[in-house]
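Chemist: Enclosed is the structure file data_30.txt (compact mmCIF, C-alpha atoms).
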# COMPACT_ATOMS: atom_id res chain seq x y z
CA MET I 23 -11.56 -3.07 -3.08
CA LEU I 24 -10.12 -3.67 0.41
CA ARG I 25 -11.33 -7.29 0.36
CA LYS I 26 -9.69 -7.80 -3.03
CA GLN I 27 -6.41 -6.38 -1.71
CA ARG I 28 -6.57 -8.73 1.29
CA LEU I 29 -7.21 -11.72 -0.95
CA VAL I 30 -4.32 -10.74 -3.21
CA ARG I 31 -2.05 -10.19 -0.20
CA GLY I 32 -3.12 -13.55 1.23
CA ALA I 33 -2.56 -15.30 -2.09
CA VAL I 34 0.86 -13.69 -2.38
CA ALA I 35 1.80 -14.83 1.09
CA VAL I 36 0.53 -18.34 0.40
CA ALA I 37 2.50 -18.60 -2.82
CA GLY I 38 5.71 -17.52 -1.14
CA LEU I 39 5.42 -20.00 1.67
CA ALA I 40 4.79 -22.85 -0.71
CA ALA I 41 8.06 -22.34 -2.53
CA LEU I 42 9.94 -22.33 0.74
CA SER I 43 8.48 -25.68 1.69
CA LEU I 44 9.84 -27.32 -1.43
CA VAL I 45 13.25 -25.80 -0.90
CA ALA I 46 13.38 -26.76 2.75
CA GLY I 47 11.58 -30.08 2.76
CA CYS I 48 9.27 -30.98 5.60
CA GLY I 49 11.83 -31.42 8.36
CA GLY I 50 12.50 -28.81 11.02
CA GLY I 51 15.10 -26.27 10.00
CA ASP I 52 16.68 -23.24 11.47
CA ASP I 53 17.99 -19.88 10.47
CA THR I 54 21.30 -20.06 12.29
CA GLY I 55 23.69 -20.15 9.36
CA THR I 56 23.09 -23.60 7.91
CA GLY I 57 22.99 -22.17 4.41
CA GLY I 58 19.25 -22.65 4.09
CA LYS I 59 19.51 -26.38 4.62
CA PRO I 60 16.86 -27.82 6.92
CA SER I 61 17.89 -29.70 10.01
CA ARG I 62 15.83 -32.17 11.99
CA THR I 63 15.25 -31.55 15.66
CA PRO I 64 13.27 -33.44 18.30
CA GLU I 65 11.01 -30.39 18.74
CA ALA I 66 9.84 -30.71 15.15
CA SER I 67 8.39 -34.17 15.65
CA ASN I 68 4.84 -32.75 15.92
CA ALA I 69 4.91 -31.62 12.29
CA ALA I 70 4.38 -35.06 10.81
CA VAL I 71 1.36 -35.55 13.03
CA VAL I 72 -0.37 -32.21 12.44
CA ALA I 73 0.45 -31.29 8.89
CA PRO I 74 -1.06 -30.77 6.53
CA ALA I 75 -3.55 -29.37 8.96
CA LYS I 76 -6.37 -26.91 9.27
CA VAL I 77 -5.70 -23.36 10.37
CA GLU I 78 -7.58 -24.06 13.59
CA VAL I 79 -5.43 -27.12 14.42
CA ILE I 80 -2.17 -25.25 13.93
CA ALA I 81 -3.54 -22.29 15.93
CA SER I 82 -4.48 -24.58 18.78
CA LEU I 83 -0.99 -26.08 18.84
CA THR I 84 0.52 -22.59 18.98
CA GLY I 85 -1.79 -21.49 21.79
CA CYS I 86 -3.99 -18.98 20.02
CA GLU I 87 -7.66 -18.58 19.26
CA VAL I 88 -7.54 -17.84 15.56
CA LYS I 89 -9.76 -15.44 13.67
CA ILE I 90 -10.27 -16.59 10.07
CA ARG I 91 -9.85 -13.67 7.67
CA THR I 92 -9.62 -15.38 4.27
CA GLU I 93 -11.63 -18.31 2.92
CA ALA I 94 -10.78 -19.09 -0.69
CA ASP I 95 -10.42 -22.14 -2.90
CA GLU I 96 -6.63 -21.69 -2.93
CA LEU I 97 -6.05 -20.96 0.77
CA ARG I 98 -7.44 -20.33 4.25
CA GLU I 99 -5.83 -17.70 6.42
CA GLY I 100 -6.25 -16.85 10.06
CA VAL I 101 -4.92 -14.15 12.35
CA CYS I 102 -3.42 -14.98 15.74
CA LYS I 103 -2.86 -12.22 18.28
CA THR I 104 -1.07 -13.44 21.40
CA ASP I 105 0.99 -12.03 24.25
CA GLU I 106 4.10 -13.36 22.48
CA GLY I 107 3.24 -11.59 19.22
CA ASN I 108 0.95 -11.58 16.20
CA TYR I 109 1.13 -13.88 13.20
CA LEU I 110 -0.79 -15.29 10.26
CA ILE I 111 -1.45 -18.98 9.70
CA THR I 112 -2.18 -19.95 6.11
CA THR I 113 -3.12 -23.41 4.84
CA PHE I 114 -3.48 -24.69 1.30
CA PRO I 115 -5.49 -27.53 -0.22
CA GLU I 116 -2.55 -28.47 -2.46
CA GLU I 117 1.19 -27.92 -2.33
CA LYS I 118 1.14 -26.09 -5.68
CA PHE I 119 -0.92 -23.27 -4.14
CA LYS I 120 1.57 -22.91 -1.30
CA LEU I 121 4.45 -22.74 -3.79
CA THR I 122 2.74 -20.02 -5.78
CA TRP I 123 2.00 -18.09 -2.61
CA LEU I 124 5.61 -18.33 -1.39
CA ASP I 125 6.92 -17.20 -4.75
CA SER I 126 4.65 -14.17 -4.64
CA ALA I 127 5.46 -13.42 -0.98
CA SER I 128 9.17 -13.25 -1.80
CA ILE I 129 8.70 -9.68 -3.08
CA TYR I 130 7.85 -8.65 0.50
CA GLY I 131 10.75 -10.52 2.05
CA GLY I 132 10.76 -11.63 5.66
CA LYS I 133 11.00 -14.93 7.44
CA TYR I 134 8.29 -17.58 7.42
CA LEU I 135 7.73 -20.86 9.20
CA VAL I 136 6.78 -23.38 6.52
CA GLY I 137 5.40 -26.90 6.65
CA PRO I 138 3.53 -29.23 4.32
CA ARG I 139 0.67 -27.17 2.85
CA TRP I 140 0.88 -24.50 5.57
CA ALA I 141 2.85 -21.40 6.49
CA ILE I 142 3.11 -19.00 9.42
CA GLY I 143 4.27 -15.48 8.70
CA THR I 144 4.44 -11.80 9.58
CA ALA I 145 5.96 -12.67 12.96
CA GLU I 146 9.26 -11.71 14.53
CA PRO I 147 12.01 -14.31 13.93
CA GLU I 148 12.19 -15.14 17.66
CA LEU I 149 8.47 -15.94 17.68
CA LEU I 150 8.83 -18.15 14.61
CA THR I 151 11.56 -20.09 16.41
CA SER I 152 9.26 -20.58 19.39
CA LEU I 153 6.34 -21.66 17.18
CA ARG I 154 8.60 -24.10 15.32
CA LYS I 155 9.13 -25.99 18.57
CA LYS I 156 5.35 -26.45 18.78
CA VAL I 157 4.42 -27.30 15.18
CA GLY I 158 7.65 -28.19 13.37
CA GLY I 159 8.39 -26.85 9.94
CA THR I 160 11.32 -24.91 8.56
CA ILE I 161 12.13 -21.22 8.99
CA GLN I 162 12.82 -19.69 5.61
CA ASP I 163 14.09 -16.23 4.72
CA LEU I 164 12.38 -14.97 1.57
CA GLY I 165 14.68 -11.99 1.14
CA GLY I 166 12.95 -9.32 -0.91
CA SER I 167 13.31 -5.57 -0.89
CA LYS I 168 10.23 -4.66 1.14
CA GLY I 169 9.10 -5.59 4.62
CA ALA I 170 6.60 -8.39 5.18
CA PRO I 171 2.95 -7.39 5.00
CA ASN I 172 1.47 -6.18 8.28
CA LEU I 173 -1.54 -7.58 10.09
CA PRO I 174 -4.63 -5.45 9.68
Show me this structure written as structure tokens.
Modeler:
Amino acid sequence: MLRKQRLVRGAVAVAGLAALSLVAGCGGGDDTGTGGKPSRTPEASNAAVVAPAKVEVIASLTGCEVKIRTEADELREGVCKTDEGNYLITTFPEEKFKLTWLDSASIYGGKYLVGPRWAIGTAEPELLTSLRKKVGGTIQDLGGSKGAPNLP
């Protein structure tokens, strides 16, 4: 039962992040009042090189040794626990899976760092901003009425 809940939670998070990617595009964006429009920055130049990438590649770029917690046909998810904070890295074999995951994650709300076929979530906004400088992507606010899911 617990494994099923984790898979559902992971799938929800993946779906939510996917939708954000389509809204934001693949350029680097910010959450500083640009109305949700992505903006390109020099720090985001890594994104084109690394994405779509494996969980392990993104983790390496962010400076963490990832622990894979979900292996499924629709997504792979790993947990990063660092001195700066904890976060989840989720990758998808196709953009449609990411979009579904992002859509589902929107019920939890929160901010996510989203790139082509990948997402980083459950982190504090300041940490997402720091990670964006390392891997690119766009920070998206999913809104929602509940808090983002917690790391186990």
Chemist: Please compute the CA of Thr151 in chain I-CA of Glu99 in chain I distance, one decimal, in Å.
Modeler: 20.2 Å
Chemist: Between I:Ala94, I:Leu149, I:Leu135, I:Ile142, which one has atoms that come closest to Asp163 in chain I, using all atoms listed in the file?
Modeler: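 Closest to Asp163 in chain I, using all atoms listed in the file: I:Leu135.
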Chemist: To one decimal place in Å, what is the distance between CA of Glu148 in chain I and CA of Glu96 in chain I?
Modeler: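 Separating CA of Glu148 in chain I from CA of Glu96 in chain I is a distance of 28.7 Å.
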Chemist: Given all atoms listed in the file as the basis, pick out the residue of I:Thr160, I:Pro138, I:Asp105, I:Gly100 nearest to Glu117 in chain I.
Modeler: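 Going through I:Thr160, I:Pro138, I:Asp105, I:Gly100 one by one, the smallest distance to Glu117 in chain I is for I:Pro138.
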Chemist: Range 87-92 of chain I: which residues within 9 Å, counting all atoms listed in the file, same-chain residues fewer than 5 positions away excluded, as a ChimeraX atom specification?
Modeler: /I:28-29,32,77-78,81-82,97-104,110-112
Chemist: Interatomic distance between CA of Leu164 in chain I and CA of Tyr134 in chain I?
Modeler: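 Distance between the two atoms: 7.6 Å.
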Chemist: Given the choices I:Gly131, I:Trp140, I:Lys76, I:Gly158, which gets closest to Lys118 in chain I if the distance is worked out from all atoms listed in the file?
Modeler: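 Nearest to Lys118 in chain I: I:Trp140.
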Chemist: Around range 91-106 of chain I, fit a box with edges along x, y and z, padding it by 4 Å on each side, then list its centre and edge lengths in Å to one decimal as AutoDock Vina command-line options.
Modeler:
--center_x -3.8 --center_y -17.1 --center_z 10.7 --size_x 23.7 --size_y 18.1 --size_z 35.2
